[in-house]
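Chemist: Got a structure for you, written out below as structure tokens; questions coming shortly.
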Amino acid sequence: MRKPASAIAVHTILGLYTLLALFPIVLVIMNSFKAKRAIFNTPLQPPMPWNFDPIGYTKVFGDGAVGLYYMNSIIVTVGTIVLTLLFGAMAAWALTEYKFRWNTVLALYLSIGIMVPIRLGSVSIIQIVADLNLINTLTALVLVYTAQNLPLAIFILSEFIAQIPKDLREAGRCDGLTEYHIFFYIVLPLLRPAMATVAVFTMIPVWNDLWFPLLLAPTGGKQTITLGVQQFLGQYITDWNAVLAALSTAIVPVLVLYVIFSRQLIRGLTSGAVK
Amino acid sequence: MAEVRIQKLKKSFGPVEVLKDIDLVVEDGSFVVLVGPSGCGKSTLLRSIAGLEPVSSGTMTIGGRQVNDLPPAKREIAMVFQSYALYPHMNVAANMGFGLRFAGTPRAEIDARVNEAARILQLEPLLKRKPRELSGGQRQRVAIGRAIVRKPQVFLFDEPLSNLDAALRINTRVEIAKLHKLLKATIVYVTHDQVEAMTLADKIVVMNSGRIEQQGKPLDLYYKPANLFVAGFIGSPAMNFLSGTVGDGCLDLGAAGKLALPSRSSVRSGDRLTLGVRPEHLRLGGSGGLVLNATVDLIERLGETGFAHLRLATGHVVIAEVRGEPSFRTGDNAIISLDPEQVHLFGADGNRLA
């Protein structure tokens, strides 16, 4: 048993940190329901009947483009997650399961991607994307984000694959399965918790990114929500109601995705396999 | 079912030879047990038959078909792993039918075979359970069921009972023996437990450091071990060994005494010999044959029988089986006698003499 005093100390620290982390989010959500004057005069006051004003939300949902931006963001995020998980798991499987000549070199090459920020290559990326005629497409974003997230995904998934008992794969081989069957029907189902972890790691930076949407898909109805919100931020006038409302609603899809994945983060999925 | 024939099989990991010139025939429908200490190569041999380990040279045929270069899937074998290796995300029925699903077997056929195997192994009430909801013994039965439904040419068992507790192990051992009779299956079975080997096998193959030391019927190995290794490995407690020099028709065991050599032996004076005698052939008290003086170190009582650990004048400890209530206690002096016809003689090279 832990001493109550240290338990209290730990909980106090964690509680304070939670407050600190949640404060800006709560502030955004609170103020998104308030009239413009109330936002500036009493920013810390929760929405009350006398200062309540849903004008931000009516503007955001009234603007047809915002729905489109949401869809763009969702497509890019989900597309990135799917490709990252599929190719990441396949590469991790190949690198851990099969011994071939350039195995170590290849693993090392891929892990460099974890250390070097992809944004350093922005200029070349723009050139490549332009050459491929993919400027102002969601495909460009999905491809770049997949490249950005693959190294870490491979790294994490390799560790998990190495933990899957060797006997299981060999049982599969004796059962007459091909290597593809073993991958899709034995390895992938057992990797679910690891893939959920990778999905969460992948999803949040992609959803929040402003850099690549600005460079690769700034116009033509292909803006993501983070970029789309910028239309409410003017050089002279900023529509704070709309900005706050858009930001508040932007939390929802990513929260839903997080809930979906976190349900997969169940431990002990392999229990009962061996011994 | 089919015959497995292995000729001149070699397997190396880098410079280390783990299998050296293995020649082995597993007759159609027979139960062959590979036994030996850890690291002797028995599991590697089994995995080579399964196709999970590539071999360096030699030939291997299953049912007359050379399988050296075939992947496990094409060899028509089924393997039961020590760790069971059940697919954790599938229920028992899916586990057993999994291989058939990819072989293109019709749904109805799969169900029929799974139900048949479940009936034989008494798994019917458990078909919808996941492996994690099963006990060790049940998981082992599912692993065996998964092998049965594939109707393989050869069953391969890799220490299948090692993870079970003692009572369940004996139970499952009997089940496997019955299953062999029922299915008339060709089985290759790896174990380090010589009791399993003795009780299950039609033929025991004793392996040591990558070589086959001896193969034959269990009792042949017991009564006529080909060399010191097999003599010491088969039988529990192990055979007692005493070394000595031959001198005018006797084996001189030094301080322990002299033994008149059996007439059948053809040895010359001055040869170094090792004499082996099983605990049940040593008598406490009595006379005739060789008589040795010893001190009782320890008595293990197992009920009706027991084992007396006896220290000879040379410092060697021999183990003798005692029946009933022993008339001596720890620290007493005892006289051991043995029948010269019951001893095994091994030459200086460790091989059996005549």
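To be explicit about the labels: the chains of the structure tokens are called A, B, and onward in the order shown, and within each one the residues are counted from 1, while ligands get numbers from 1 in the order they are shown.
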Specify as a PyMOL selection string all residues of chain B found within 9 Å of chain A, counting only C-alpha atoms.
Modeler: chain B and resi 50-52+71-89+98-100+102-103+130-134+136+139+146-147+150+163
Chemist: Mind listing the alpha helix (DSSP H) residues of stretch 148-241 of chain A, per DSSP on the backbone, as a PyMOL selection string?
Modeler: chain A and resi 148-163+166-174+179-181+188-190+192-208+211-216+225-228+240-241
Chemist: Here is a test: counting only C-alpha atoms, which residue of B:Val343, B:Val190, B:Met96, B:Val277 is nearest to B:Gly41?
Modeler: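 Checking each candidate against B:Gly41, we get B:Val190 as the closest.
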Chemist: For a test of reading the model, state the distance in Å between atom CA of A:Trp240 and atom CA of A:Lys36, rounded to one decimal.
Modeler: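 Between these atoms lies a distance of 7.2 Å.
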Chemist: To one decimal in Å, tell me the separation between atom CA of B:His344 and atom CA of B:Ile299.
Modeler: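 Going from atom CA of B:His344 over to atom CA of B:Ile299, I get 24.8 Å.
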Chemist: Excluding B:Asn333 and residues on its chain fewer than 5 positions from it, collect all residues at most 9 Å away from it, counting only C-alpha atoms, and give them as an mmCIF file with N, CA and C atoms, in the first residue's frame.
Modeler:
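Writing done, so here's selection_17.cif:
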data_model
loop_
_atom_site.group_PDB
_atom_site.id
_atom_site.type_symbol
_atom_site.label_atom_id
_atom_site.label_comp_id
_atom_site.auth_asym_id
_atom_site.auth_seq_id
_atom_site.Cartn_x
_atom_site.Cartn_y
_atom_site.Cartn_z
ATOM 1 N N ASN B 293 30.478 -54.194 -0.432
ATOM 2 C CA ASN B 293 30.158 -53.573 0.848
ATOM 3 C C ASN B 293 29.872 -52.090 0.612
ATOM 4 N N ALA B 294 28.859 -51.590 1.298
ATOM 5 C CA ALA B 294 28.485 -50.200 1.084
ATOM 6 C C ALA B 294 27.888 -49.612 2.339
ATOM 7 N N THR B 295 27.797 -48.287 2.365
ATOM 8 C CA THR B 295 27.148 -47.587 3.464
ATOM 9 C C THR B 295 25.870 -46.960 2.922
ATOM 10 N N VAL B 296 24.812 -47.045 3.690
ATOM 11 C CA VAL B 296 23.538 -46.470 3.230
ATOM 12 C C VAL B 296 23.582 -44.953 3.432
ATOM 13 N N PHE B 328 17.228 -51.744 7.216
ATOM 14 C CA PHE B 328 18.418 -50.957 7.560
ATOM 15 C C PHE B 328 18.081 -49.477 7.510
#
Chemist: Write out as a PyMOL selection string the residues lying within 6 Å of A:Pro193, counting only C-alpha atoms and excluding same-chain residues fewer than 2 positions away.
Modeler: chain A and resi 191+195-196+264-265
Chemist: DSSP on the backbone: what in stretch 166-270 of chain B comes out strand (DSSP E or B), as a PyMOL selection string?
Modeler: chain B and resi 186-191+203-208+211-216+227+240-247+250-252+258-260
Chemist: Just the residues within 9 Å of stretch 118-134 of chain A, please, counting only C-alpha atoms, with nothing from its chain fewer than 3 positions along; format it as a ChimeraX atom specification.
Modeler: /A:113,137-140,144,147-148,211-212,215-217
Chemist: I need the residue nearest B:Lys203 from this list: B:Leu259, B:Val25, B:Val16, B:Ile336. Use only C-alpha atoms for the distance.
Modeler: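 Looking only at the distances to B:Lys203, the closest residue turns out to be B:Val25.
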Chemist: Just checking: using only C-alpha atoms, which residue out of B:Phe155, B:Arg141, B:Pro15, B:Asp297 ends up closest to B:Arg47?
Modeler: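 For B:Arg47, the nearest of the given residues is B:Phe155.
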Chemist: Excluding same-chain residues fewer than 3 positions from A:Ile204, what lies within 12 Å of it counting only C-alpha atoms, as a PyMOL selection string?
Modeler: chain A and resi 73-74+76-78+80-81+145+149+197-201+207-209+250-251+253-258
Chemist: At a cut-off of 7 Å, using only C-alpha atoms, what residues contact B:Leu228? Leave out same-chain residues fewer than 2 positions from it and give the result as a PDB file with N, CA and C atoms, in the first residue's frame.
Modeler:
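In the end it all went to out_33.pdb:
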ATOM      1  N   VAL B 230      22.871 -44.495 -23.980  1.00  0.00           N
ATOM      2  CA  VAL B 230      21.503 -45.016 -23.977  1.00  0.00           C
ATOM      3  C   VAL B 230      21.216 -45.726 -22.653  1.00  0.00           C
ATOM      4  N   ALA B 231      22.197 -46.483 -22.173  1.00  0.00           N
ATOM      5  CA  ALA B 231      22.031 -47.202 -20.909  1.00  0.00           C
ATOM      6  C   ALA B 231      21.719 -46.235 -19.780  1.00  0.00           C
ATOM      7  N   GLY B 232      22.415 -45.106 -19.779  1.00  0.00           N
ATOM      8  CA  GLY B 232      22.218 -44.128 -18.708  1.00  0.00           C
ATOM      9  C   GLY B 232      20.961 -43.316 -18.901  1.00  0.00           C
ATOM     10  N   PHE B 346      30.263 -52.519 -20.969  1.00  0.00           N
ATOM     11  CA  PHE B 346      30.580 -51.572 -22.026  1.00  0.00           C
ATOM     12  C   PHE B 346      32.084 -51.419 -22.119  1.00  0.00           C
ATOM     13  N   GLY B 350      32.755 -47.041 -24.927  1.00  0.00           N
ATOM     14  CA  GLY B 350      31.380 -46.771 -24.503  1.00  0.00           C
ATOM     15  C   GLY B 350      30.364 -47.679 -25.158  1.00  0.00           C
ATOM     16  N   ASN B 351      30.801 -48.530 -26.125  1.00  0.00           N
ATOM     17  CA  ASN B 351      29.841 -49.396 -26.800  1.00  0.00           C
ATOM     18  C   ASN B 351      29.659 -50.701 -26.040  1.00  0.00           C
TER      19      ASN B 351
END
Chemist: When you draw a straight line from atom CA of B:Arg107 to atom CA of B:Lys178, how long is it in Å?
Modeler: 28.8 Å
